[in-house]
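Source file query-v3.cif; content: mmCIF, C-alpha atoms.
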data_entry
loop_
_atom_site.label_atom_id
_atom_site.label_comp_id
_atom_site.auth_asym_id
_atom_site.auth_seq_id
_atom_site.Cartn_x
_atom_site.Cartn_y
_atom_site.Cartn_z
CA MET A 1 0.00 0.00 0.00
CA PRO A 2 1.43 3.42 -0.90
CA PRO A 3 2.25 5.77 1.99
CA ARG A 4 -0.06 8.67 2.74
CA ILE A 5 1.52 12.10 2.70
CA LEU A 6 0.45 14.54 5.38
CA GLU A 7 1.43 18.07 4.37
CA VAL A 8 2.28 20.10 7.47
CA ARG A 9 4.44 23.15 6.65
CA THR A 10 5.06 24.55 10.09
CA LYS A 11 8.04 25.93 11.98
CA ILE A 12 9.81 23.28 14.03
CA LEU A 13 10.32 25.75 16.88
CA LYS A 14 6.67 26.83 16.69
CA LYS A 15 6.08 26.32 20.41
CA ASN A 16 9.13 28.36 21.40
CA ASP A 17 8.11 31.07 18.91
CA GLU A 18 4.58 31.18 20.36
CA ILE A 19 5.85 31.56 23.92
CA ALA A 20 8.37 34.20 22.75
CA ARG A 21 5.58 36.11 20.98
CA ALA A 22 3.44 36.04 24.14
CA LEU A 23 6.44 37.22 26.18
CA ARG A 24 7.10 40.05 23.72
CA ALA A 25 3.47 41.20 24.00
CA ARG A 26 3.67 41.01 27.80
CA PHE A 27 6.94 42.99 27.85
CA ALA A 28 5.37 45.65 25.61
CA GLU A 29 2.32 45.87 27.84
CA HIS A 30 4.55 46.62 30.83
CA GLY A 31 6.78 49.02 28.86
CA LEU A 32 9.77 46.75 29.43
CA PHE A 33 12.73 46.84 27.04
CA VAL A 34 14.39 43.41 26.82
CA ILE A 35 17.93 42.55 25.75
CA ASN A 36 19.22 39.04 25.05
CA VAL A 37 22.99 38.95 25.63
CA VAL A 38 24.91 36.16 23.88
CA SER A 39 28.59 35.21 23.66
CA SER A 40 31.00 32.32 24.11
CA PRO A 41 31.64 31.20 27.71
CA GLY A 42 34.02 33.46 29.62
CA ALA A 43 33.55 36.45 27.29
CA GLY A 44 32.73 38.70 30.25
CA LYS A 45 28.94 39.07 29.94
CA THR A 46 28.29 39.13 33.68
CA GLU A 47 30.99 41.68 34.56
CA LEU A 48 29.92 44.01 31.76
CA LEU A 49 26.23 43.68 32.66
CA ALA A 50 26.90 44.31 36.38
CA GLN A 51 28.60 47.60 35.48
CA LEU A 52 25.99 48.54 32.90
CA MET A 53 23.13 47.86 35.32
CA THR A 54 24.86 49.91 38.03
CA MET A 55 25.18 52.83 35.60
CA LEU A 56 21.57 52.57 34.40
CA ARG A 57 20.35 52.46 38.00
CA GLU A 58 22.38 55.58 38.83
CA GLN A 59 20.69 57.27 35.86
CA GLY A 60 17.32 56.61 37.48
CA LEU A 61 16.35 53.58 35.40
CA ARG A 62 15.22 50.27 36.88
CA PRO A 63 17.06 47.36 35.27
CA ALA A 64 16.74 43.68 36.20
CA ALA A 65 18.35 40.50 34.91
CA VAL A 66 17.82 36.79 34.46
CA VAL A 67 20.91 34.73 33.77
CA GLY A 68 21.28 31.22 32.38
CA ASP A 69 24.00 28.78 33.35
CA LEU A 70 24.29 25.02 33.50
CA ALA A 71 25.07 25.17 37.21
CA THR A 72 25.74 27.52 40.19
CA GLU A 73 24.04 30.77 41.17
CA ASN A 74 27.32 32.68 40.99
CA ASP A 75 26.33 34.93 38.10
CA ALA A 76 23.02 35.99 39.66
CA LEU A 77 24.94 36.89 42.82
CA ARG A 78 27.49 38.89 40.81
CA LEU A 79 24.72 40.74 38.95
CA SER A 80 22.91 41.45 42.25
CA ALA A 81 25.99 43.39 43.35
CA SER A 82 24.76 46.12 40.97
CA GLY A 83 21.89 46.68 43.40
CA CYS A 84 19.38 45.44 40.80
CA PRO A 85 17.25 42.29 41.02
CA ALA A 86 18.80 39.25 39.30
CA LYS A 87 17.55 35.71 39.03
CA GLN A 88 19.44 32.58 38.06
CA ILE A 89 18.09 30.06 35.52
CA LEU A 90 19.76 26.69 35.97
CA THR A 91 19.61 24.83 32.69
CA GLY A 92 21.10 21.54 33.89
CA SER A 93 22.75 20.33 30.73
CA MET A 94 21.04 22.67 28.24
CA CYS A 95 23.38 24.76 26.13
CA HIS A 96 20.98 27.68 25.55
CA LEU A 97 17.88 29.37 26.98
CA GLU A 98 14.43 28.72 25.57
CA ALA A 99 11.43 31.02 25.89
CA ASP A 100 9.60 28.83 28.42
CA MET A 101 12.61 28.97 30.77
CA VAL A 102 12.53 32.77 30.67
CA GLU A 103 8.78 32.72 31.25
CA THR A 104 9.22 30.54 34.33
CA ALA A 105 12.09 32.68 35.61
CA LEU A 106 9.85 35.77 35.52
CA ASP A 107 7.46 34.22 38.08
CA GLY A 108 7.60 36.36 41.19
CA PHE A 109 8.86 39.43 39.30
CA ASP A 110 6.39 42.31 38.94
CA LEU A 111 7.30 43.55 35.47
CA ASP A 112 5.98 47.03 36.33
CA ASP A 113 8.93 47.35 38.71
CA PHE A 114 11.44 47.41 35.80
CA ASP A 115 12.25 49.41 32.66
CA ILE A 116 14.94 47.19 31.21
CA LEU A 117 15.39 43.43 31.46
CA PHE A 118 18.65 41.74 30.53
CA ILE A 119 18.58 38.07 29.64
CA GLU A 120 22.12 36.76 29.94
CA ASN A 121 22.11 33.65 27.80
CA VAL A 122 24.20 30.53 28.38
CA GLY A 123 27.72 31.07 27.04
CA ASN A 124 27.58 29.48 23.58
CA LEU A 125 28.21 30.82 20.07
CA VAL A 126 25.94 28.41 18.20
CA CYS A 127 22.88 27.17 20.03
CA PRO A 128 21.13 30.34 21.32
CA GLN A 129 20.64 31.52 17.73
CA SER A 130 17.42 29.66 16.92
CA PHE A 131 15.60 30.43 20.15
CA ASP A 132 13.67 33.69 20.27
CA LEU A 133 13.23 34.81 23.89
CA GLY A 134 10.86 37.70 23.15
CA GLU A 135 13.70 40.21 23.25
CA ASP A 136 13.78 43.63 21.58
CA LEU A 137 17.53 43.58 21.06
CA ARG A 138 20.06 40.79 20.64
CA VAL A 139 23.57 41.76 21.64
CA LEU A 140 26.72 39.75 20.94
CA LEU A 141 29.72 40.17 23.21
CA PHE A 142 32.94 39.54 21.30
CA PRO A 143 36.10 39.71 23.43
CA CYS A 144 39.37 40.67 21.73
CA THR A 145 40.99 37.56 23.22
CA GLU A 146 39.00 35.36 20.81
CA GLY A 147 40.73 36.60 17.67
CA GLU A 148 39.52 38.77 14.80
CA ASP A 149 38.12 35.88 12.75
CA LYS A 150 35.56 34.67 15.32
CA PRO A 151 32.67 36.33 13.41
CA LEU A 152 33.70 34.42 10.29
CA LYS A 153 34.03 31.10 12.13
CA TYR A 154 30.63 31.49 13.83
CA PRO A 155 28.66 33.61 11.35
CA THR A 156 25.16 32.35 12.05
CA LEU A 157 24.69 33.73 15.58
CA ILE A 158 26.19 37.14 14.81
CA ASN A 159 23.91 37.24 11.80
CA THR A 160 20.88 37.41 14.14
CA CYS A 161 22.40 40.13 16.38
CA ASP A 162 21.47 43.83 16.41
CA LEU A 163 24.58 45.06 18.19
CA VAL A 164 28.14 43.77 18.68
CA LEU A 165 30.27 44.72 21.67
CA PHE A 166 34.03 44.31 21.41
CA ALA A 167 34.98 43.36 24.97
CA LYS A 168 38.09 43.32 27.18
CA MET A 169 39.50 46.08 24.98
CA ASP A 170 41.88 47.18 27.77
CA ILE A 171 44.10 44.25 26.75
CA ALA A 172 43.54 44.52 22.98
CA GLU A 173 47.06 45.74 22.35
CA ALA A 174 48.63 43.07 24.57
CA VAL A 175 46.88 40.27 22.66
CA GLY A 176 47.57 41.88 19.26
CA PHE A 177 43.90 42.43 18.40
CA ASP A 178 43.44 44.10 15.02
CA THR A 179 40.31 46.17 15.64
CA GLU A 180 39.81 47.24 12.04
CA LEU A 181 40.09 43.66 10.77
CA ALA A 182 37.59 42.54 13.41
CA ARG A 183 35.20 45.29 12.32
CA ARG A 184 35.49 44.17 8.69
CA ASN A 185 34.85 40.55 9.69
CA CYS A 186 31.76 41.54 11.67
CA ALA A 187 30.50 43.48 8.66
CA GLN A 188 30.95 40.40 6.48
CA ALA A 189 28.89 38.21 8.80
CA ARG A 190 26.33 40.93 9.53
CA PRO A 191 26.58 43.86 7.12
CA GLY A 192 25.83 47.19 8.76
CA VAL A 193 25.82 45.91 12.34
CA ALA A 194 26.60 48.55 15.00
CA ILE A 195 29.75 47.96 17.08
CA ILE A 196 30.73 49.46 20.44
CA GLU A 197 34.20 48.96 21.92
CA THR A 198 34.07 48.20 25.65
CA SER A 199 36.17 47.25 28.62
CA ALA A 200 34.36 46.41 31.84
CA ARG A 201 37.60 46.47 33.80
CA ALA A 202 38.67 49.90 32.52
CA GLY A 203 35.09 51.21 32.51
CA VAL A 204 35.30 52.02 28.79
CA GLY A 205 32.29 52.11 26.47
CA ILE A 206 29.75 51.35 29.21
CA ASP A 207 28.34 54.88 28.95
CA ALA A 208 28.05 54.59 25.15
CA LEU A 209 26.28 51.25 25.57
CA ALA A 210 23.92 52.69 28.18
CA ARG A 211 23.10 55.60 25.83
CA THR A 212 22.41 53.22 22.93
CA ILE A 213 20.08 51.10 25.05
CA VAL A 214 18.20 54.11 26.40
CA GLU A 215 17.81 55.50 22.87
CA LYS A 216 16.47 52.22 21.54
CA GLN A 217 14.14 51.93 24.52
CA LYS A 218 12.77 55.42 23.78
CA ILE A 219 12.23 54.50 20.12
CA LYS A 220 10.29 51.42 21.19
CA ARG A 221 8.13 53.45 23.59
CA ARG A 222 7.41 56.03 20.89
CA GLU A 223 6.42 53.30 18.46
CA ALA A 224 4.16 51.72 21.09
CA THR A 225 2.50 55.09 21.80
CA ASN A 226 1.99 55.77 18.08
CA LEU A 227 0.32 52.38 17.68
CA VAL A 228 -2.15 53.26 20.44
CA MET B 1 20.02 3.84 19.74
CA LYS B 2 17.13 2.76 21.93
CA SER B 3 19.20 1.78 24.93
CA VAL B 4 21.17 5.00 25.43
CA ALA B 5 22.00 5.15 29.13
CA GLY B 6 20.97 8.07 31.28
CA ILE B 7 18.10 9.21 29.09
CA ARG B 8 14.53 9.13 30.24
CA HIS B 9 11.55 10.47 28.39
CA LEU B 10 9.67 13.05 30.39
CA ASP B 11 7.98 16.16 29.02
CA HIS B 12 11.38 17.56 28.18
CA PRO B 13 13.60 14.53 27.65
CA TYR B 14 16.67 16.59 26.82
CA ARG B 15 16.62 18.06 30.30
CA THR B 16 17.21 14.66 31.86
CA LEU B 17 20.39 13.90 29.96
CA THR B 18 23.19 13.30 32.40
CA ASP B 19 26.30 13.27 30.25
CA GLY B 20 26.52 17.08 30.05
CA SER B 21 27.13 17.07 26.31
CA VAL B 22 23.75 18.20 25.04
CA MET B 23 23.73 19.93 21.70
CA HIS B 24 20.85 22.15 20.66
CA GLU B 25 20.09 19.77 17.78
CA LEU B 26 18.65 17.41 20.39
CA SER B 27 16.44 20.22 21.59
CA ILE B 28 15.38 20.94 18.00
CA ALA B 29 14.72 17.24 17.37
CA THR B 30 12.50 17.16 20.46
CA HIS B 31 10.56 20.22 19.25
CA LEU B 32 10.24 18.50 15.86
CA VAL B 33 8.71 15.38 17.42
CA ALA B 34 6.25 17.63 19.29
CA VAL B 35 5.05 19.49 16.16
CA ALA B 36 4.87 16.22 14.20
CA THR B 37 2.80 14.58 16.95
CA GLU B 38 0.48 17.60 17.06
CA ALA B 39 0.04 17.46 13.27
CA LEU B 40 -0.81 13.75 13.45
CA GLU B 41 -3.37 14.35 16.18
CA ASN B 42 -4.93 17.27 14.33
CA ALA B 43 -5.30 15.09 11.23
CA GLY B 44 -6.72 12.18 13.26
CA GLU B 45 -3.85 10.07 11.92
CA THR B 46 -3.22 6.92 13.94
CA GLN B 47 -0.82 5.00 11.71
CA PRO B 48 2.96 4.93 12.27
CA VAL B 49 5.11 7.61 10.66
CA THR B 50 7.68 6.34 8.17
CA VAL B 51 9.24 9.56 6.91
CA VAL B 52 9.57 13.05 8.42
CA ARG B 53 10.47 15.70 5.85
CA ILE B 54 12.08 18.92 7.02
CA ARG B 55 13.74 21.98 5.49
CA VAL B 56 16.88 23.46 7.06
CA GLY B 57 18.46 26.72 5.94
CA ALA B 58 22.21 27.32 5.84
CA LEU B 59 21.79 30.11 8.41
CA ALA B 60 19.60 28.09 10.77
CA GLY B 61 22.65 27.19 12.84
CA VAL B 62 21.82 23.50 12.67
CA VAL B 63 24.39 20.78 12.01
CA ILE B 64 22.43 18.21 10.00
CA GLU B 65 24.63 15.32 11.12
CA ALA B 66 24.08 16.28 14.78
CA LEU B 67 20.34 16.52 14.13
CA GLU B 68 20.35 13.06 12.54
CA PHE B 69 22.29 11.72 15.51
CA ALA B 70 19.80 13.31 17.92
CA TRP B 71 16.81 12.07 15.90
CA ASP B 72 16.93 8.47 17.14
CA ILE B 73 17.16 9.61 20.75
CA ALA B 74 14.40 12.21 20.46
CA THR B 75 11.97 9.89 18.66
CA ASP B 76 12.41 6.91 20.96
CA CYS B 77 9.00 5.89 22.36
CA THR B 78 7.17 8.57 20.34
CA ARG B 79 4.85 8.50 17.31
CA CYS B 80 7.95 9.17 15.16
CA ALA B 81 9.98 6.21 16.44
CA GLY B 82 11.65 4.42 13.54
CA ALA B 83 10.78 7.16 11.04
CA ARG B 84 13.42 8.30 8.56
CA LEU B 85 14.43 11.95 8.71
CA GLU B 86 14.62 13.53 5.24
CA VAL B 87 16.39 16.88 5.19
CA GLU B 88 16.16 19.39 2.38
CA ARG B 89 18.99 21.91 2.71
CA VAL B 90 18.22 25.48 1.69
CA PRO B 91 21.15 27.75 0.75
CA ALA B 92 21.28 31.30 2.06
CA ALA B 93 20.23 34.07 -0.34
CA VAL B 94 20.49 37.84 -0.03
CA ARG B 95 18.83 40.70 -1.89
CA CYS B 96 20.85 43.79 -2.77
CA ALA B 97 19.36 47.05 -1.50
CA ALA B 98 20.87 48.96 -4.46
CA CYS B 99 20.12 46.82 -7.52
CA HIS B 100 17.55 44.36 -6.06
CA THR B 101 19.48 41.36 -7.41
CA GLU B 102 19.11 38.15 -5.41
CA THR B 103 22.36 36.27 -4.80
CA THR B 104 22.54 32.70 -3.56
CA VAL B 105 25.37 32.36 -1.05
CA ASP B 106 27.67 29.38 -1.13
CA GLY B 107 27.86 28.51 2.58
CA PRO B 108 26.84 30.88 5.36
CA LEU B 109 29.09 33.69 4.02
CA PRO B 110 29.69 36.17 2.47
CA PHE B 111 26.70 38.45 1.98
CA ILE B 112 27.85 40.18 -1.17
CA CYS B 113 25.70 41.10 -4.18
CA ALA B 114 26.87 39.12 -7.22
CA GLN B 115 25.77 41.93 -9.54
CA CYS B 116 27.32 45.04 -7.97
CA GLY B 117 29.71 43.61 -5.34
CA GLN B 118 28.16 45.59 -2.47
CA PRO B 119 27.39 44.10 0.95
CA ALA B 120 23.80 42.85 0.97
CA ILE B 121 21.92 42.92 4.29
CA ASP B 122 18.49 41.68 3.32
CA ILE B 123 18.40 37.92 3.90
CA VAL B 124 15.66 36.31 1.80
CA ALA B 125 16.46 32.63 2.43
CA GLY B 126 18.56 30.46 4.71
CA ARG B 127 16.87 30.75 8.11
CA GLU B 128 14.34 27.96 7.42
CA LEU B 129 13.75 25.35 10.10
CA ASP B 130 10.45 23.85 9.03
CA LEU B 131 8.52 20.61 9.18
CA ILE B 132 7.23 20.12 5.64
CA ALA B 133 5.41 16.78 5.56
CA LEU B 134 4.94 13.41 7.19
CA GLU B 135 4.55 10.05 5.49
CA VAL B 136 2.38 7.51 7.23
CA HIS B 137 1.95 3.87 6.37
CA ASP B 138 -1.09 1.70 6.85
CA GLY B 139 -0.31 -1.33 8.91
CA PRO B 140 0.63 -2.27 12.44
CA GLY B 141 3.40 -0.31 14.17
CA PRO B 142 5.00 -0.57 17.62
CA SER B 143 2.85 0.71 20.45
CA ALA B 144 4.37 2.91 23.16
CA GLU B 145 4.30 -0.01 25.63
CA GLU B 146 6.21 -2.33 23.30
CA CYS B 147 8.68 0.47 22.70
CA HIS B 148 9.33 0.94 26.40
CA ALA B 149 9.75 -2.81 26.86
CA THR B 150 12.49 -2.76 24.22
CA ALA B 151 14.17 0.36 25.56
CA HIS B 152 14.22 -0.62 29.21
CA PRO B 153 14.22 -4.41 29.53
#
Just give me the structure as structure tokens.
Amino acid sequence: MPPRILEVRTKILKKNDEIARALRARFAEHGLFVINVVSSPGAGKTELLAQLMTMLREQGLRPAAVVGDLATENDALRLSASGCPAKQILTGSMCHLEADMVETALDGFDLDDFDILFIENVGNLVCPQSFDLGEDLRVLLFPCTEGEDKPLKYPTLINTCDLVLFAKMDIAEAVGFDTELARRNCAQARPGVAIIETSARAGVGIDALARTIVEKQKIKRREATNLV
Amino acid sequence: MKSVAGIRHLDHPYRTLTDGSVMHELSIATHLVAVATEALENAGETQPVTVVRIRVGALAGVVIEALEFAWDIATDCTRCAGARLEVERVPAAVRCAACHTETTVDGPLPFICAQCGQPAIDIVAGRELDLIALEVHDGPGPSAEECHATAHP
């Protein structure tokens, strides 16, 4: 007997996309601007975010964070040092965050208490790409220690990012990082992508990053108001 | 692949893996089984699935070989157990903002217009990660109970 063909034509990650869409609507309803931060492990996401959140708080904003790791609550503790609420997501053996994990992590948070939510993804340059978390902005942290050709070796994740941060730039000279070459490589993997040079340790570029985020948040609010 | 140690099938089987080496292809395979099962239920289809056809873009960030490896694990004791995974690969394509030419990219890079040599930002293909169709066969297939008996004697 010949097989029967059942035409389906649906996205494999439909369920994740649906949860992400619901999250995005919920974030918009509460006027919350959400940033998904991705990088390889050890790129310095937590240190940079702790400083950024401290600065945003001093400017009168109310940031919060959820952070994904396979194990330990260390990063949530480090982020809490900024004086802002931070919650740990323990993924067990999962190499990336999915929308339902973010949804669960938000239990107990009153979203009206925040303006900006950072989602620090699990350190991984491949897997977080496919999983929409309902964010407004996807930011890639690219430390100079990884070499200028990282964007060419891992082009697919950077291709979904809205902003690239060169990180640990205080040691760029010591590790022989060619900034212009790195910029060209980023542009190849994601033509036109904005880049900010940062160093959490030297406190460089954090103010520029804070300004960019606040600007984008304002644009989102204006768009939301215009829609209403 | 039915007797892989340390794997149990709960709502999220990939979260019970104990070897610490989970790749996101296993997660994608698990999502695939879920959408396939939903499609079967919606169609009132009760027969076993023989082929699962999917489409994967070059920019989807999916290693097909890893997905194929994960497939046996993710389908174990599900409606898709024993089904063959057929993957259609879709190359990336970009459209030039200046001359509107569409260029098919060989591999994930580079995004350059073949006509005018300018960087092209507008991605028109390559991010696909879709379930296209299922093939089902009339005839008896393994029930979930039989499957469990084989997997965990």
(message) If the PyMOL selection byres ((chain B) within 6 of (chain A)) were run on this exact file, what residues would it hold? Put them as number ranges by chain.
(response) B: 20, 24, 32, 59, 61, 110, 121, 129-137
(message) Using only C-alpha atoms, can you tell me which of A:Ala43, A:Cys161, A:Ala81, A:Val122 comes closest to A:Ala200?
(response) A:Ala43
Just the residues within 8 Å of B:Gly82, please, counting only C-alpha atoms, with nothing from its chain fewer than 2 positions along; format it as a PDB file with C-alpha atoms, in the frame of the given file.
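Okay, this is what ended up in selection-v4.pdb:
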ATOM      1  CA  VAL B  49       5.110   7.610  10.660  1.00  0.00           C
ATOM      2  CA  THR B  50       7.680   6.340   8.170  1.00  0.00           C
ATOM      3  CA  ASP B  72      16.930   8.470  17.140  1.00  0.00           C
ATOM      4  CA  THR B  75      11.970   9.890  18.660  1.00  0.00           C
ATOM      5  CA  ASP B  76      12.410   6.910  20.960  1.00  0.00           C
ATOM      6  CA  CYS B  80       7.950   9.170  15.160  1.00  0.00           C
ATOM      7  CA  ARG B  84      13.420   8.300   8.560  1.00  0.00           C
TER       8      ARG B  84
END
(request) Calculate how many Å separate atom CA of A:Arg138 from atom CA of B:Pro119, rounding to one decimal. (result) 21.3 Å
(request) Fewer than 4 positions away in the same chain doesn't count, so skip those; otherwise give me all residues within 12 Å of stretch 67-69 of chain B, counting all atoms listed in the file, as a list in words. (result) Met1, Val22, Met23, His24, Glu25, Leu26, Ser27, Ile28, Ala29, Thr30, His31, Leu32, Val52, Ile54, Val56, Gly61, Val62, Val63, Ile73, Ala74, Thr75, Ala83, Arg84, Leu85, Glu86, Val87 and Leu129 of chain B
(message) Evaluated on this file, the PyMOL selection byres ((chain A and resi 106) around 12) picks out some residues - which ones are they, written as an MDAnalysis selection string?
(response) chainID A and resid 23 26:27 64:67 85:89 99:105 107:112 114 117:119
(request) Work out how far apart atom CA of A:Lys150 and atom CA of A:Ile171 are and give it in Å to one decimal. (result) 17.2 Å
(request) Tell me, in Å to one decimal, how far atom CA of A:Glu29 is from atom CA of A:Arg222. (result)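 Rounded to one decimal, the two atoms are 13.3 Å apart.
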Which residues match the PyMOL selection byres ((chain B and resi 126) around 6) in the file above, as a tab-separated table (two decimals) with C-alpha atoms, keeping the file's coordinate frame?
chain	number	residue	atom	x	y	z
B	57	GLY	CA	18.46	26.72	5.94
B	58	ALA	CA	22.21	27.32	5.84
B	59	LEU	CA	21.79	30.11	8.41
B	90	VAL	CA	18.22	25.48	1.69
B	91	PRO	CA	21.15	27.75	0.75
B	92	ALA	CA	21.28	31.30	2.06
B	125	ALA	CA	16.46	32.63	2.43
B	127	ARG	CA	16.87	30.75	8.11
B	128	GLU	CA	14.34	27.96	7.42
(message) Please list, as an NGL selection string, the residues that have an atom at most 12 Å away from (34.3, 49.8, 28.6) in the coordinates of this file, counting all atoms listed in the file.
(response) :A and (44 or 47-49 or 51-52 or 55 or 141 or 143 or 165-171 or 196-210)
Go ahead and write the residues just picked, C-alpha atoms, as a PDB file, in the coordinates of the input.
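Writing the result to out-v3.pdb gives the following:
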ATOM      1  CA  GLY A  44      32.730  38.700  30.250  1.00  0.00           C
ATOM      2  CA  GLU A  47      30.990  41.680  34.560  1.00  0.00           C
ATOM      3  CA  LEU A  48      29.920  44.010  31.760  1.00  0.00           C
ATOM      4  CA  LEU A  49      26.230  43.680  32.660  1.00  0.00           C
ATOM      5  CA  GLN A  51      28.600  47.600  35.480  1.00  0.00           C
ATOM      6  CA  LEU A  52      25.990  48.540  32.900  1.00  0.00           C
ATOM      7  CA  MET A  55      25.180  52.830  35.600  1.00  0.00           C
ATOM      8  CA  LEU A 141      29.720  40.170  23.210  1.00  0.00           C
ATOM      9  CA  PRO A 143      36.100  39.710  23.430  1.00  0.00           C
ATOM     10  CA  LEU A 165      30.270  44.720  21.670  1.00  0.00           C
ATOM     11  CA  PHE A 166      34.030  44.310  21.410  1.00  0.00           C
ATOM     12  CA  ALA A 167      34.980  43.360  24.970  1.00  0.00           C
ATOM     13  CA  LYS A 168      38.090  43.320  27.180  1.00  0.00           C
ATOM     14  CA  MET A 169      39.500  46.080  24.980  1.00  0.00           C
ATOM     15  CA  ASP A 170      41.880  47.180  27.770  1.00  0.00           C
ATOM     16  CA  ILE A 171      44.100  44.250  26.750  1.00  0.00           C
ATOM     17  CA  ILE A 196      30.730  49.460  20.440  1.00  0.00           C
ATOM     18  CA  GLU A 197      34.200  48.960  21.920  1.00  0.00           C
ATOM     19  CA  THR A 198      34.070  48.200  25.650  1.00  0.00           C
ATOM     20  CA  SER A 199      36.170  47.250  28.620  1.00  0.00           C
ATOM     21  CA  ALA A 200      34.360  46.410  31.840  1.00  0.00           C
ATOM     22  CA  ARG A 201      37.600  46.470  33.800  1.00  0.00           C
ATOM     23  CA  ALA A 202      38.670  49.900  32.520  1.00  0.00           C
ATOM     24  CA  GLY A 203      35.090  51.210  32.510  1.00  0.00           C
ATOM     25  CA  VAL A 204      35.300  52.020  28.790  1.00  0.00           C
ATOM     26  CA  GLY A 205      32.290  52.110  26.470  1.00  0.00           C
ATOM     27  CA  ILE A 206      29.750  51.350  29.210  1.00  0.00           C
ATOM     28  CA  ASP A 207      28.340  54.880  28.950  1.00  0.00           C
ATOM     29  CA  ALA A 208      28.050  54.590  25.150  1.00  0.00           C
ATOM     30  CA  LEU A 209      26.280  51.250  25.570  1.00  0.00           C
ATOM     31  CA  ALA A 210      23.920  52.690  28.180  1.00  0.00           C
TER      32      ALA A 210
END
(request) Between A:Cys144, A:Asp75, A:Gly83, A:Leu133, single out the one closest to A:Glu58, counting all atoms listed in the file. (result) A:Gly83
(request) Please identify all polymer residues within 6 Å of stretch 37-42 of chain A, counting only C-alpha atoms, omitting same-chain residues fewer than 5 positions from it, and present them as number ranges by chain. (result) A: 120-121, 123-125, 139-141
(message) Can you tell me which residues surround B:Thr103 at a distance of at most 9 Å, considering all atoms listed in the file, apart from same-chain residues fewer than 3 positions away, and format the answer as a list of chain:residue names?
(response) B:Ala92, B:Ala93, B:Val94, B:Arg95, B:Cys96, B:Phe111, B:Ile112, B:Cys113, B:Ala114, B:Gln115, B:Ala120
For the residues in that selection, give me C-alpha atoms as a tab-separated table (two decimals), in the frame of the given file.
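Ended up saving to out-v8.tsv:
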chain	number	residue	atom	x	y	z
B	92	ALA	CA	21.28	31.30	2.06
B	93	ALA	CA	20.23	34.07	-0.34
B	94	VAL	CA	20.49	37.84	-0.03
B	95	ARG	CA	18.83	40.70	-1.89
B	96	CYS	CA	20.85	43.79	-2.77
B	111	PHE	CA	26.70	38.45	1.98
B	112	ILE	CA	27.85	40.18	-1.17
B	113	CYS	CA	25.70	41.10	-4.18
B	114	ALA	CA	26.87	39.12	-7.22
B	115	GLN	CA	25.77	41.93	-9.54
B	120	ALA	CA	23.80	42.85	0.97
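Candidate residues A:Pro151, A:Leu32, A:Asp17, A:Leu79 were compared for distance to A:Arg221, and the nearest is A:Leu32, using only C-alpha atoms.
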(request) Measuring atom to atom with all atoms listed in the file, identify which of A:Arg211, A:Arg183, A:Lys45, A:Arg62 is nearest to A:Arg78. (result)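 Selected residue with least distance to A:Arg78: A:Lys45.
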Atoms are missing here; could stretch 51-62 of chain B be completed with N, CA and C atoms and written as a compact mmCIF listing (two decimals), keeping the file's coordinate frame?
# COMPACT_ATOMS: atom_id res chain seq x y z
N VAL B 51 8.29 8.54 7.35
CA VAL B 51 9.24 9.56 6.91
C VAL B 51 8.82 10.92 7.48
N VAL B 52 9.81 11.68 7.97
CA VAL B 52 9.57 13.05 8.42
C VAL B 52 10.42 13.95 7.53
N ARG B 53 9.75 14.83 6.78
CA ARG B 53 10.47 15.70 5.85
C ARG B 53 10.62 17.11 6.42
N ILE B 54 11.86 17.57 6.48
CA ILE B 54 12.08 18.92 7.02
C ILE B 54 12.94 19.74 6.06
N ARG B 55 12.95 21.05 6.31
CA ARG B 55 13.74 21.98 5.49
C ARG B 55 14.62 22.78 6.44
N VAL B 56 15.93 22.78 6.18
CA VAL B 56 16.88 23.46 7.06
C VAL B 56 17.74 24.44 6.26
N GLY B 57 17.68 25.70 6.63
CA GLY B 57 18.46 26.72 5.94
C GLY B 57 19.91 26.74 6.40
N ALA B 58 20.78 27.26 5.54
CA ALA B 58 22.21 27.32 5.84
C ALA B 58 22.51 28.26 7.01
N LEU B 59 21.58 29.18 7.30
CA LEU B 59 21.79 30.11 8.41
C LEU B 59 21.00 29.71 9.65
N ALA B 60 20.42 28.52 9.64
CA ALA B 60 19.60 28.09 10.77
C ALA B 60 20.46 27.68 11.96
N GLY B 61 21.76 27.55 11.74
CA GLY B 61 22.65 27.19 12.84
C GLY B 61 22.48 25.74 13.28
N VAL B 62 22.06 24.90 12.34
CA VAL B 62 21.82 23.50 12.67
C VAL B 62 22.82 22.62 11.91
